[in-house]
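Structure file upload.pdb with PDB, C-alpha atoms and all ligand atoms:
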MODEL        1
ATOM      1  CA  MET A1230      22.485   7.223 -26.497
ATOM      2  CA  LYS A1231      18.690   7.477 -26.609
ATOM      3  CA  ILE A1232      18.301   3.887 -25.334
ATOM      4  CA  GLU A1233      20.789   4.510 -22.534
ATOM      5  CA  LEU A1234      18.909   7.635 -21.450
ATOM      6  CA  LYS A1235      15.597   5.771 -21.486
ATOM      7  CA  HIS A1236      17.151   2.988 -19.413
ATOM      8  CA  ASN A1237      18.529   5.464 -16.878
ATOM      9  CA  ILE A1238      15.205   7.231 -16.525
ATOM     10  CA  LYS A1239      13.463   3.894 -16.028
ATOM     11  CA  LYS A1240      16.010   3.008 -13.354
ATOM     12  CA  ILE A1241      15.330   6.250 -11.494
ATOM     13  CA  PHE A1242      11.613   5.516 -11.424
ATOM     14  CA  GLN A1243      12.233   1.986 -10.333
ATOM     15  CA  THR A1244      14.241   3.101  -7.320
ATOM     16  CA  PHE A1245      11.393   2.421  -4.962
ATOM     17  CA  GLY A1246       9.387   0.068  -7.095
ATOM     18  CA  LEU A1247       7.369   2.846  -8.586
ATOM     19  CA  GLU A1248       7.222   2.676 -12.357
ATOM     20  CA  ILE A1249       5.699   5.057 -14.830
ATOM     21  CA  SER A1250       4.401   2.383 -17.171
ATOM     22  CA  ARG A1251       0.924   0.900 -17.017
ATOM     23  CA  TYR A1252       0.310  -2.820 -17.110
ATOM     24  CA  GLN A1253       0.076  -4.567 -20.426
ATOM     25  CA  THR A1254      -2.910  -6.725 -19.651
ATOM     26  CA  SER A1255      -6.110  -7.826 -21.280
ATOM     27  CA  ASP A1256      -8.002  -7.057 -18.069
ATOM     28  CA  THR A1257      -9.707  -3.772 -18.935
ATOM     29  CA  TYR A1258     -10.187  -2.594 -15.353
ATOM     30  CA  ALA A1259      -6.689  -3.433 -14.184
ATOM     31  CA  SER A1260      -5.101  -1.897 -17.275
ATOM     32  CA  LYS A1261      -7.047   1.299 -16.607
ATOM     33  CA  TYR A1262      -6.548   1.615 -12.848
ATOM     34  CA  ALA A1263      -3.351  -0.237 -11.970
ATOM     35  CA  LEU A1264       0.069   1.403 -12.079
ATOM     36  CA  GLY A1265       3.279  -0.507 -12.723
ATOM     37  CA  TYR A1266       5.669  -2.141 -10.291
ATOM     38  CA  ILE A1267       9.064  -3.820 -10.405
ATOM     39  CA  SER A1268       9.295  -7.117 -12.277
ATOM     40  CA  ALA A1269       8.509 -10.115 -10.065
ATOM     41  CA  LYS A1270      10.607 -12.556 -12.080
ATOM     42  CA  GLU A1271      13.731 -10.374 -12.120
ATOM     43  CA  THR A1272      13.428  -9.399  -8.457
ATOM     44  CA  ILE A1273      12.818 -12.930  -7.184
ATOM     45  CA  HIS A1274      15.747 -14.167  -9.261
ATOM     46  CA  ALA A1275      18.092 -11.425  -7.995
ATOM     47  CA  ALA A1276      16.999 -11.972  -4.380
ATOM     48  CA  SER A1277      17.615 -15.688  -4.581
ATOM     49  CA  LYS A1278      21.072 -15.044  -6.070
ATOM     50  CA  SER A1279      21.855 -12.731  -3.143
ATOM     51  CA  GLY A1280      20.778 -15.342  -0.615
ATOM     52  CA  LEU A1281      18.315 -12.920   0.968
ATOM     53  CA  SER A1282      14.545 -13.030   1.190
ATOM     54  CA  VAL A1283      12.835 -10.793  -1.362
ATOM     55  CA  GLY A1284      11.888  -8.345   1.415
ATOM     56  CA  ASP A1285      15.395  -8.152   2.846
ATOM     57  CA  TYR A1286      16.892  -7.933  -0.643
ATOM     58  CA  LEU A1287      14.667  -4.979  -1.593
ATOM     59  CA  GLU A1288      15.379  -3.226   1.683
ATOM     60  CA  MET A1289      19.075  -3.658   0.987
ATOM     61  CA  ILE A1290      19.100  -2.333  -2.588
ATOM     62  CA  TRP A1291      16.762   0.536  -1.652
ATOM     63  CA  ASN A1292      18.987   1.371   1.297
ATOM     64  CA  GLN A1293      16.012   0.921   3.613
ATOM     65  CA  ARG A1294      17.295  -1.714   5.976
ATOM     66  CA  ASP A1295      14.976  -2.298   8.960
ATOM     67  CA  ASN A1296      12.466   0.259   7.722
ATOM     68  CA  ARG A1297       9.619  -2.265   7.652
ATOM     69  CA  GLN A1298      10.384  -3.161  11.222
ATOM     70  CA  ILE A1299      10.285   0.514  12.223
ATOM     71  CA  ILE A1300       6.833   0.905  10.633
ATOM     72  CA  VAL A1301       5.499  -2.312  12.089
ATOM     73  CA  ASP A1302       6.773  -1.324  15.557
ATOM     74  CA  GLN A1303       4.877   1.955  15.252
ATOM     75  CA  LEU A1304       1.728   0.043  14.296
ATOM     76  CA  ARG A1305       2.056  -2.293  17.250
ATOM     77  CA  LYS A1306       1.897   0.692  19.581
ATOM     78  CA  VAL A1307      -1.583   1.628  18.364
ATOM     79  CA  ILE A1308      -3.124  -1.634  17.197
ATOM     80  CA  VAL A1309      -3.409  -3.199  20.610
ATOM     81  CA  PHE A1310      -5.935  -6.001  20.542
ATOM     82  CA  HIS A1311      -3.809  -8.385  18.514
ATOM     83  CA  LYS A1312      -5.972 -11.388  19.150
ATOM     84  CA  ASN A1313      -8.879  -9.729  17.412
ATOM     85  CA  ILE A1314      -6.990  -9.449  14.138
ATOM     86  CA  LYS A1315      -7.915 -12.629  12.342
ATOM     87  CA  ASN A1316      -8.840 -11.373   8.895
ATOM     88  CA  ILE A1317      -6.495  -9.001   7.109
ATOM     89  CA  CYS A1318      -6.826  -7.456   3.668
ATOM     90  CA  GLU A1319      -3.933  -5.749   1.904
ATOM     91  CA  ILE A1320      -4.230  -3.502  -1.144
ATOM     92  CA  GLY A1321      -1.226  -3.382  -3.513
ATOM     93  CA  THR A1322       0.753  -6.065  -1.672
ATOM     94  CA  GLY A1323       3.593  -5.956  -4.208
ATOM     95  CA  ALA A1324       6.566  -8.078  -3.192
ATOM     96  CA  GLY A1325       4.979  -8.846   0.169
ATOM     97  CA  LEU A1326       7.358  -6.722   2.240
ATOM     98  CA  TYR A1327       4.627  -5.870   4.725
ATOM     99  CA  ALA A1328       2.663  -9.099   4.351
ATOM    100  CA  GLU A1329       5.766 -10.942   5.531
ATOM    101  CA  LYS A1330       6.067  -8.826   8.710
ATOM    102  CA  ILE A1331       2.345  -8.553   9.407
ATOM    103  CA  ILE A1332       1.781 -12.293   9.110
ATOM    104  CA  GLU A1333       4.727 -12.843  11.450
ATOM    105  CA  ILE A1334       3.208 -10.561  14.114
ATOM    106  CA  TRP A1335      -0.538 -10.991  13.882
ATOM    107  CA  LYS A1336      -0.635 -14.564  12.553
ATOM    108  CA  PRO A1337      -3.996 -14.004  10.889
ATOM    109  CA  GLU A1338      -6.321 -16.847   9.975
ATOM    110  CA  ARG A1339      -6.997 -15.263   6.611
ATOM    111  CA  TYR A1340      -4.917 -12.798   4.581
ATOM    112  CA  GLU A1341      -6.548 -11.422   1.460
ATOM    113  CA  SER A1342      -4.430  -9.598  -1.069
ATOM    114  CA  TYR A1343      -5.330  -7.390  -4.021
ATOM    115  CA  GLU A1344      -2.197  -7.122  -6.160
ATOM    116  CA  PRO A1345      -2.865  -6.376  -9.853
ATOM    117  CA  ASP A1346       0.553  -7.605 -10.993
ATOM    118  CA  LYS A1347      -0.267 -11.223 -11.815
ATOM    119  CA  ASP A1348       3.296 -12.514 -11.299
ATOM    120  CA  TRP A1349       3.558 -10.989  -7.838
ATOM    121  CA  ALA A1350       0.010 -12.066  -6.974
ATOM    122  CA  GLN A1351       0.810 -15.674  -7.831
ATOM    123  CA  TRP A1352       4.121 -15.593  -5.946
ATOM    124  CA  LEU A1353       2.463 -14.079  -2.857
ATOM    125  CA  ALA A1354      -0.082 -16.883  -2.777
ATOM    126  CA  GLU A1355       2.661 -19.504  -3.010
ATOM    127  CA  LYS A1356       5.103 -17.849  -0.621
ATOM    128  CA  TYR A1357       2.826 -16.520   2.131
ATOM    129  CA  ASN A1358      -0.303 -18.567   1.597
ATOM    130  CA  VAL A1359      -2.311 -15.397   1.098
ATOM    131  CA  ILE A1360      -5.535 -15.357  -0.891
ATOM    132  CA  SER A1361      -4.486 -13.488  -4.010
ATOM    133  CA  HIS A1362      -7.692 -12.093  -5.400
ATOM    134  CA  ASP A1363      -8.086 -11.149  -9.005
ATOM    135  CA  ALA A1364      -7.512  -7.393  -8.631
ATOM    136  CA  ASP A1365      -9.434  -4.973 -10.825
ATOM    137  CA  GLY A1366      -7.326  -2.051  -9.587
ATOM    138  CA  LYS A1367     -10.175  -0.203  -7.908
ATOM    139  CA  SER A1368     -12.245  -2.433  -5.646
ATOM    140  CA  LEU A1369     -12.199  -5.174  -3.028
ATOM    141  CA  CYS A1370     -14.988  -6.923  -4.850
ATOM    142  CA  HIS A1371     -14.088 -10.458  -3.736
ATOM    143  CA  THR A1372     -14.179  -9.512  -0.053
ATOM    144  CA  GLN A1373     -17.320  -9.876   1.982
ATOM    145  CA  THR A1374     -18.913  -6.848   3.594
ATOM    146  CA  SER A1375     -17.926  -6.330   7.287
ATOM    147  CA  SER A1376     -15.502  -9.265   7.182
ATOM    148  CA  ILE A1377     -12.073  -7.641   7.693
ATOM    149  CA  ASP A1378     -10.371  -6.777  11.002
ATOM    150  CA  LEU A1379      -7.421  -4.893   9.521
ATOM    151  CA  VAL A1380      -6.975  -3.260   6.115
ATOM    152  CA  VAL A1381      -3.431  -2.350   5.059
ATOM    153  CA  ALA A1382      -2.056  -0.389   2.108
ATOM    154  CA  ASN A1383       1.552   0.594   2.028
ATOM    155  CA  GLY A1384       3.073   2.794  -0.685
ATOM    156  CA  VAL A1385      -0.099   2.615  -2.757
ATOM    157  CA  PHE A1386      -2.170   5.735  -2.100
ATOM    158  CA  VAL A1387       1.024   7.745  -2.515
ATOM    159  CA  TYR A1388       0.810   7.247  -6.280
ATOM    160  CA  LEU A1389      -2.702   6.233  -7.289
ATOM    161  CA  PRO A1390      -4.859   8.960  -8.822
ATOM    162  CA  PHE A1391      -7.225  10.474  -6.271
ATOM    163  CA  LEU A1392     -10.424   8.924  -7.589
ATOM    164  CA  THR A1393      -8.943   5.437  -7.549
ATOM    165  CA  THR A1394      -7.829   6.020  -3.955
ATOM    166  CA  TYR A1395     -11.304   7.301  -3.130
ATOM    167  CA  ARG A1396     -12.920   4.187  -4.608
ATOM    168  CA  TYR A1397     -10.711   2.095  -2.326
ATOM    169  CA  PHE A1398     -11.719   4.213   0.685
ATOM    170  CA  GLN A1399     -15.365   3.451  -0.063
ATOM    171  CA  GLU A1400     -14.501  -0.213  -0.298
ATOM    172  CA  ILE A1401     -12.560  -0.086   2.984
ATOM    173  CA  VAL A1402     -15.666   1.277   4.683
ATOM    174  CA  ARG A1403     -17.698  -1.589   3.229
ATOM    175  CA  VAL A1404     -15.398  -4.481   4.147
ATOM    176  CA  THR A1405     -14.670  -3.355   7.734
ATOM    177  CA  HIS A1406     -16.842  -3.805  10.824
ATOM    178  CA  ASP A1407     -17.315  -2.061  14.159
ATOM    179  CA  GLU A1408     -13.948  -3.035  15.663
ATOM    180  CA  SER A1409     -11.739  -2.850  12.567
ATOM    181  CA  TYR A1410      -8.454  -1.062  12.012
ATOM    182  CA  VAL A1411      -7.247   0.605   8.813
ATOM    183  CA  VAL A1412      -3.642   1.577   8.062
ATOM    184  CA  PHE A1413      -2.202   3.255   4.997
ATOM    185  CA  ASP A1414       0.275   5.941   4.075
ATOM    186  CA  ILE A1415      -0.330   9.049   2.033
ATOM    187  CA  LEU A1416       1.608  12.005   0.737
ATOM    188  CA  SER A1417      -0.254  14.685   2.627
ATOM    189  CA  GLU A1418       0.203  18.445   2.768
ATOM    190  CA  ASP A1419       2.510  17.826   5.754
ATOM    191  CA  CYS A1420       4.897  15.859   3.525
ATOM    192  CA  PHE A1421       5.745  18.767   1.234
ATOM    193  CA  ASP A1422       7.474  21.444   3.261
ATOM    194  CA  ASP A1423       9.817  23.766   1.313
ATOM    195  CA  ILE A1424      12.917  21.638   1.801
ATOM    196  CA  THR A1425      11.185  18.390   0.892
ATOM    197  CA  ILE A1426       9.490  19.778  -2.210
ATOM    198  CA  LYS A1427      12.876  21.058  -3.411
ATOM    199  CA  SER A1428      14.292  17.614  -2.924
ATOM    200  CA  TRP A1429      11.391  16.005  -4.853
ATOM    201  CA  LEU A1430      11.877  18.447  -7.723
ATOM    202  CA  GLU A1431      15.552  17.615  -7.904
ATOM    203  CA  SER A1432      14.835  13.885  -7.802
ATOM    204  CA  HIS A1433      13.153  13.438 -11.238
ATOM    205  CA  HIS A1434      10.313  11.469  -9.638
ATOM    206  CA  ILE A1435       6.874  12.301 -10.949
ATOM    207  CA  TYR A1436       4.648   9.852  -9.098
ATOM    208  CA  PRO A1437       3.689  11.709  -5.867
ATOM    209  CA  CYS A1438      -0.058  12.253  -5.568
ATOM    210  CA  LEU A1439      -0.884  14.636  -2.763
ATOM    211  CA  VAL A1440      -4.007  13.853  -0.784
ATOM    212  CA  CYS A1441      -5.194  16.093   1.987
ATOM    213  CA  LYS A1442      -4.977  14.604   5.488
ATOM    214  CA  LYS A1443      -7.932  16.599   6.778
ATOM    215  CA  TYR A1444     -10.132  15.538   3.890
ATOM    216  CA  ILE A1445      -9.281  11.913   4.501
ATOM    217  CA  THR A1446      -9.715  12.015   8.269
ATOM    218  CA  ASP A1447     -13.055  13.774   7.748
ATOM    219  CA  PHE A1448     -14.093  11.081   5.283
ATOM    220  CA  PHE A1449     -13.274   8.305   7.736
ATOM    221  CA  LEU A1450     -14.788  10.199  10.642
ATOM    222  CA  LYS A1451     -18.029  10.410   8.670
ATOM    223  CA  HIS A1452     -17.904   6.642   8.589
ATOM    224  CA  ARG A1453     -17.235   6.321  12.315
ATOM    225  CA  PHE A1454     -13.469   5.815  12.141
ATOM    226  CA  ALA A1455     -11.341   7.667  14.667
ATOM    227  CA  LEU A1456      -7.758   8.564  13.798
ATOM    228  CA  ILE A1457      -5.817   6.753  16.518
ATOM    229  CA  GLY A1458      -2.291   7.264  15.260
ATOM    230  CA  ASP A1459      -0.186   8.984  12.638
ATOM    231  CA  PHE A1460       3.515   9.100  11.960
ATOM    232  CA  PHE A1461       5.975   9.926   9.206
ATOM    233  CA  ASN A1462       8.273   7.540   7.433
ATOM    234  CA  PHE A1463      11.235   8.545   5.302
ATOM    235  CA  LYS A1464      11.359   5.672   2.863
ATOM    236  CA  TYR A1465      10.609   7.504  -0.357
ATOM    237  CA  GLY A1466      13.339   8.582  -2.710
ATOM    238  CA  ALA A1467      13.181  12.248  -1.940
ATOM    239  CA  GLY A1468      10.705  12.603   0.840
ATOM    240  CA  LYS A1469       8.499  11.157   3.511
ATOM    241  CA  SER A1470       5.010   9.733   3.674
ATOM    242  CA  GLN A1471       2.492  10.001   6.478
ATOM    243  CA  TYR A1472       0.896   6.905   7.958
ATOM    244  CA  LEU A1473      -2.657   7.165   9.227
ATOM    245  CA  VAL A1474      -4.109   4.549  11.559
ATOM    246  CA  PHE A1475      -7.880   4.469  12.018
ATOM    247  CA  LYS A1476     -10.085   2.440  14.261
ATOM    248  CA  LYS A1477     -13.782   2.121  13.714
ATOM    249  CA  ASP A1478     -15.616   3.365  16.756
ATOM    250  CA  SER A1479     -19.068   1.849  17.031
ATOM    251  CA  SER A1480     -20.132   4.427  19.623
ATOM    252  CA  MET A1481     -20.012   7.236  17.031
ATOM    253  CA  THR A1482     -23.170   8.191  15.199
ATOM    254  CA  GLN A1483     -23.476   6.742  11.732
ATOM    255  CA  GLU A1484     -23.712   9.303   8.939
ATOM    256  CA  GLU A1485     -25.650   8.815   5.736
ATOM    257  CA  PRO A1486     -24.118   5.968   3.675
ATOM    258  CA  LEU A1487     -22.173   6.944   0.589
ATOM    259  CA  THR A1488     -23.650   6.307  -2.801
ATOM    260  CA  ASN A1489     -21.474   5.154  -5.679
TER     261      ASN A1489
HETATM  262  C1  LIG A1501       5.144   0.992  -4.487
HETATM  263  S1  LIG A1501       4.425  -0.524  -4.617
HETATM  264  C2  LIG A1501       4.220  -0.981  -2.910
HETATM  265  C3  LIG A1501       4.238  -2.462  -2.720
HETATM  266  C4  LIG A1501       4.119  -2.916  -1.277
HETATM  267  N1  LIG A1501       2.877  -2.506  -0.701
HETATM  268  C5  LIG A1501       5.290  -2.411  -0.482
HETATM  269  O1  LIG A1501       5.131  -1.451   0.274
HETATM  270  O2  LIG A1501       6.374  -2.956  -0.627
HETATM  271  C6  LIG A1501       2.767  -0.204  -5.130
HETATM  272  C7  LIG A1501       1.946  -1.463  -5.307
HETATM  273  O3  LIG A1501       0.616  -1.135  -5.690
HETATM  274  C8  LIG A1501       0.223  -1.960  -6.767
HETATM  275  N2  LIG A1501      -0.824  -1.236  -7.523
HETATM  276  C9  LIG A1501      -0.694  -0.413  -8.568
HETATM  277  N3  LIG A1501      -1.881   0.052  -8.956
HETATM  278  C10 LIG A1501      -2.794  -0.493  -8.123
HETATM  279  C11 LIG A1501      -4.199  -0.400  -8.029
HETATM  280  N4  LIG A1501      -4.924   0.357  -8.859
HETATM  281  N5  LIG A1501      -4.820  -1.120  -7.065
HETATM  282  C12 LIG A1501      -4.107  -1.883  -6.203
HETATM  283  N6  LIG A1501      -2.773  -2.003  -6.250
HETATM  284  C13 LIG A1501      -2.122  -1.316  -7.200
HETATM  285  C14 LIG A1501       1.496  -2.192  -7.553
HETATM  286  O4  LIG A1501       1.400  -3.315  -8.396
HETATM  287  C15 LIG A1501       2.477  -2.364  -6.403
HETATM  288  O5  LIG A1501       2.488  -3.662  -5.918
ENDMDL
END
As structure tokens - that is how I would like this structure written.
Ligand SMILES: C[S@@+](CC[C@H](N)C(=O)[O-])C[C@H]1O[C@@H](n2cnc3c(N)ncnc32)[C@H](O)[C@@H]1O
Amino acid sequence: MKIELKHNIKKIFQTFGLEISRYQTSDTYASKYALGYISAKETIHAASKSGLSVGDYLEMIWNQRDNRQIIVDQLRKVIVFHKNIKNICEIGTGAGLYAEKIIEIWKPERYESYEPDKDWAQWLAEKYNVISHDADGKSLCHTQTSSIDLVVANGVFVYLPFLTTYRYFQEIVRVTHDESYVVFDILSEDCFDDITIKSWLESHHIYPCLVCKKYITDFFLKHRFALIGDFFNFKYGAGKSQYLVFKKDSSMTQEEPLTN
């Protein structure tokens, strides 16, 4: 009975790939900062049995068919200078759902990925030819300063603790240059209206980490990023997340650099 209950609870948390467990790893940083994700081996095996790609398989079992396409279509409306997007960096790439679509559209010369789950990281490198960096769960330490045209994080800052998210924001500022774009989703104050919070509370999920949209836009503004787009997406078990799209604007005045 106890085992069955534990299994059911685990299944609920796994609904959208968000697990409560931390990684069992000898890497001290990753084990401290990285949160769990669905098993690569089991998912790849199940997808191949279904005859679908891993991305399509996950969209099917999560009842999220075409959702990636909807998000990517929204991004295409605001990220206009496609030819300038040669170097992309993704944080928490997971099963490559967005890498697959983004590579298809922007055909980057270089796609760097920071995925702390070693099995997924290895699979991503083999499947999509991405550079799977050794992820410490808090930095983009293998990426050169001012080298990235587009930074992407999908479904990551919705569950990382605030200070880990903040560390990544500092890193995003470092690795981008004057024409770069940044896209990620958050669970902002606008994602928790009365009806939605009720639905979260009834869902048994515990992962949502609220981060304030204004605080984040102010942070990026301080670093010369203008908010050029935002939209909601309803892919999470009980609620919605808010996507923010920033573009660095070199004409803005540079504020004092952040210290670590
Ligand atoms: C909900 S999944 C989203 C995966 C993928 N981006 C997607 O949308 O399908 C969250 C991802 O973040 C990764 N992750 C967890 N902790 C992390 C950390 N501290 N730094 C970077 N990635 C992390 C997980 O391994 C997982 O791949």
Requested in this report: Could you check how far CA of Arg1305 (chain A) sits from CA of Ile1334 (chain A), in Å to one decimal?
Outcome: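 We find that CA of Arg1305 (chain A) and CA of Ile1334 (chain A) lie 8.9 Å from each other.
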Determine, using only C-alpha atoms and all ligand atoms, which residues of chain A have any atom at most 9 Å from an atom of ligand LIG 1501 (chain A), and tabulate each with its shortest atom pair and distance in Å to one decimal place, rows ordered by chain and then rising number, as a tab-separated table.
residue	atom	partner	partner_atom	distance
A:Phe1245	CA	A:LIG1501	C1	6.4
A:Gly1246	CA	A:LIG1501	C1	5.1
A:Leu1247	CA	A:LIG1501	C1	5.0
A:Glu1248	CA	A:LIG1501	C1	8.3
A:Arg1251	CA	A:LIG1501	N3	8.6
A:Tyr1252	CA	A:LIG1501	O4	8.8
A:Tyr1258	CA	A:LIG1501	N4	8.9
A:Ala1259	CA	A:LIG1501	N4	6.8
A:Ser1260	CA	A:LIG1501	N4	8.7
A:Lys1261	CA	A:LIG1501	N4	8.1
A:Tyr1262	CA	A:LIG1501	N4	4.5
A:Ala1263	CA	A:LIG1501	N3	3.4
A:Leu1264	CA	A:LIG1501	N3	3.9
A:Gly1265	CA	A:LIG1501	O4	5.5
A:Tyr1266	CA	A:LIG1501	O4	4.8
A:Ile1267	CA	A:LIG1501	C15	7.8
A:Gly1284	CA	A:LIG1501	O2	8.0
A:Leu1287	CA	A:LIG1501	O2	8.6
A:Arg1297	CA	A:LIG1501	O1	8.7
A:Glu1319	CA	A:LIG1501	N1	8.0
A:Ile1320	CA	A:LIG1501	C12	5.3
A:Gly1321	CA	A:LIG1501	N6	3.4
A:Thr1322	CA	A:LIG1501	N1	4.3
A:Gly1323	CA	A:LIG1501	O5	3.1
A:Ala1324	CA	A:LIG1501	O2	5.7
A:Gly1325	CA	A:LIG1501	O2	6.1
A:Leu1326	CA	A:LIG1501	O2	4.8
A:Tyr1327	CA	A:LIG1501	C5	6.3
A:Ala1328	CA	A:LIG1501	N1	8.3
A:Tyr1343	CA	A:LIG1501	C12	6.0
A:Glu1344	CA	A:LIG1501	N6	5.2
A:Pro1345	CA	A:LIG1501	O4	5.4
A:Asp1346	CA	A:LIG1501	O4	5.1
A:Lys1347	CA	A:LIG1501	O4	8.8
A:Trp1349	CA	A:LIG1501	O5	7.6
A:Ala1350	CA	A:LIG1501	O5	8.8
A:Ala1364	CA	A:LIG1501	C12	6.9
A:Asp1365	CA	A:LIG1501	N5	7.1
A:Gly1366	CA	A:LIG1501	N4	3.5
A:Lys1367	CA	A:LIG1501	N4	5.4
A:Ser1368	CA	A:LIG1501	N5	7.7
A:Val1381	CA	A:LIG1501	N1	8.5
A:Ala1382	CA	A:LIG1501	N1	6.1
A:Asn1383	CA	A:LIG1501	N1	4.3
A:Gly1384	CA	A:LIG1501	C2	4.5
A:Val1385	CA	A:LIG1501	C6	4.7
A:Phe1386	CA	A:LIG1501	O3	8.2
A:Val1387	CA	A:LIG1501	C1	8.2
A:Tyr1388	CA	A:LIG1501	C6	7.8
A:Leu1389	CA	A:LIG1501	N3	6.5
A:Pro1390	CA	A:LIG1501	N4	8.6
A:Thr1393	CA	A:LIG1501	N4	6.6
A:Thr1394	CA	A:LIG1501	N4	8.0
A:Tyr1397	CA	A:LIG1501	N5	8.2
Requested in this report: Determine, counting only C-alpha atoms, which protein, DNA and RNA residues have an atom within 10 Å of an atom of Ala1455 (chain A); residues of the same chain fewer than 6 positions away are not included. Present the result as a PyMOL selection string.
Outcome: chain A and resi 1410+1446-1447+1449+1474-1479+1481
**Report entry** Result set of the PyMOL selection byres (((chain A and resi 1441) around 6) and not hetatm) on the coordinates above, as a list of chain:residue names
**Finding:**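 With the PyMOL selection byres (((chain A and resi 1441) around 6) and not hetatm) on this model, the match is A:Ser1417, A:Glu1418, A:Val1440, A:Lys1442, A:Lys1443, A:Tyr1444.
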Report task. Work out how far CA of Leu1473 (chain A) is from CA of Ala1354 (chain A), in Å to one decimal. Result ->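 Distance between the two atoms: 27.0 Å.
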Query raised in the report: Using all atoms listed in the file, which residues sit within 8 Å of region 1312-1317 of chain A once same-chain residues fewer than 6 positions away are excluded, as a ChimeraX atom specification?
Result: /A:1335-1341,1376-1381
Query - Separation of CA of Gly1468 (chain A) from CA of Thr1425 (chain A) in Å - result: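 For CA of Thr1425 (chain A) relative to CA of Gly1468 (chain A), the distance reads 5.8 Å.
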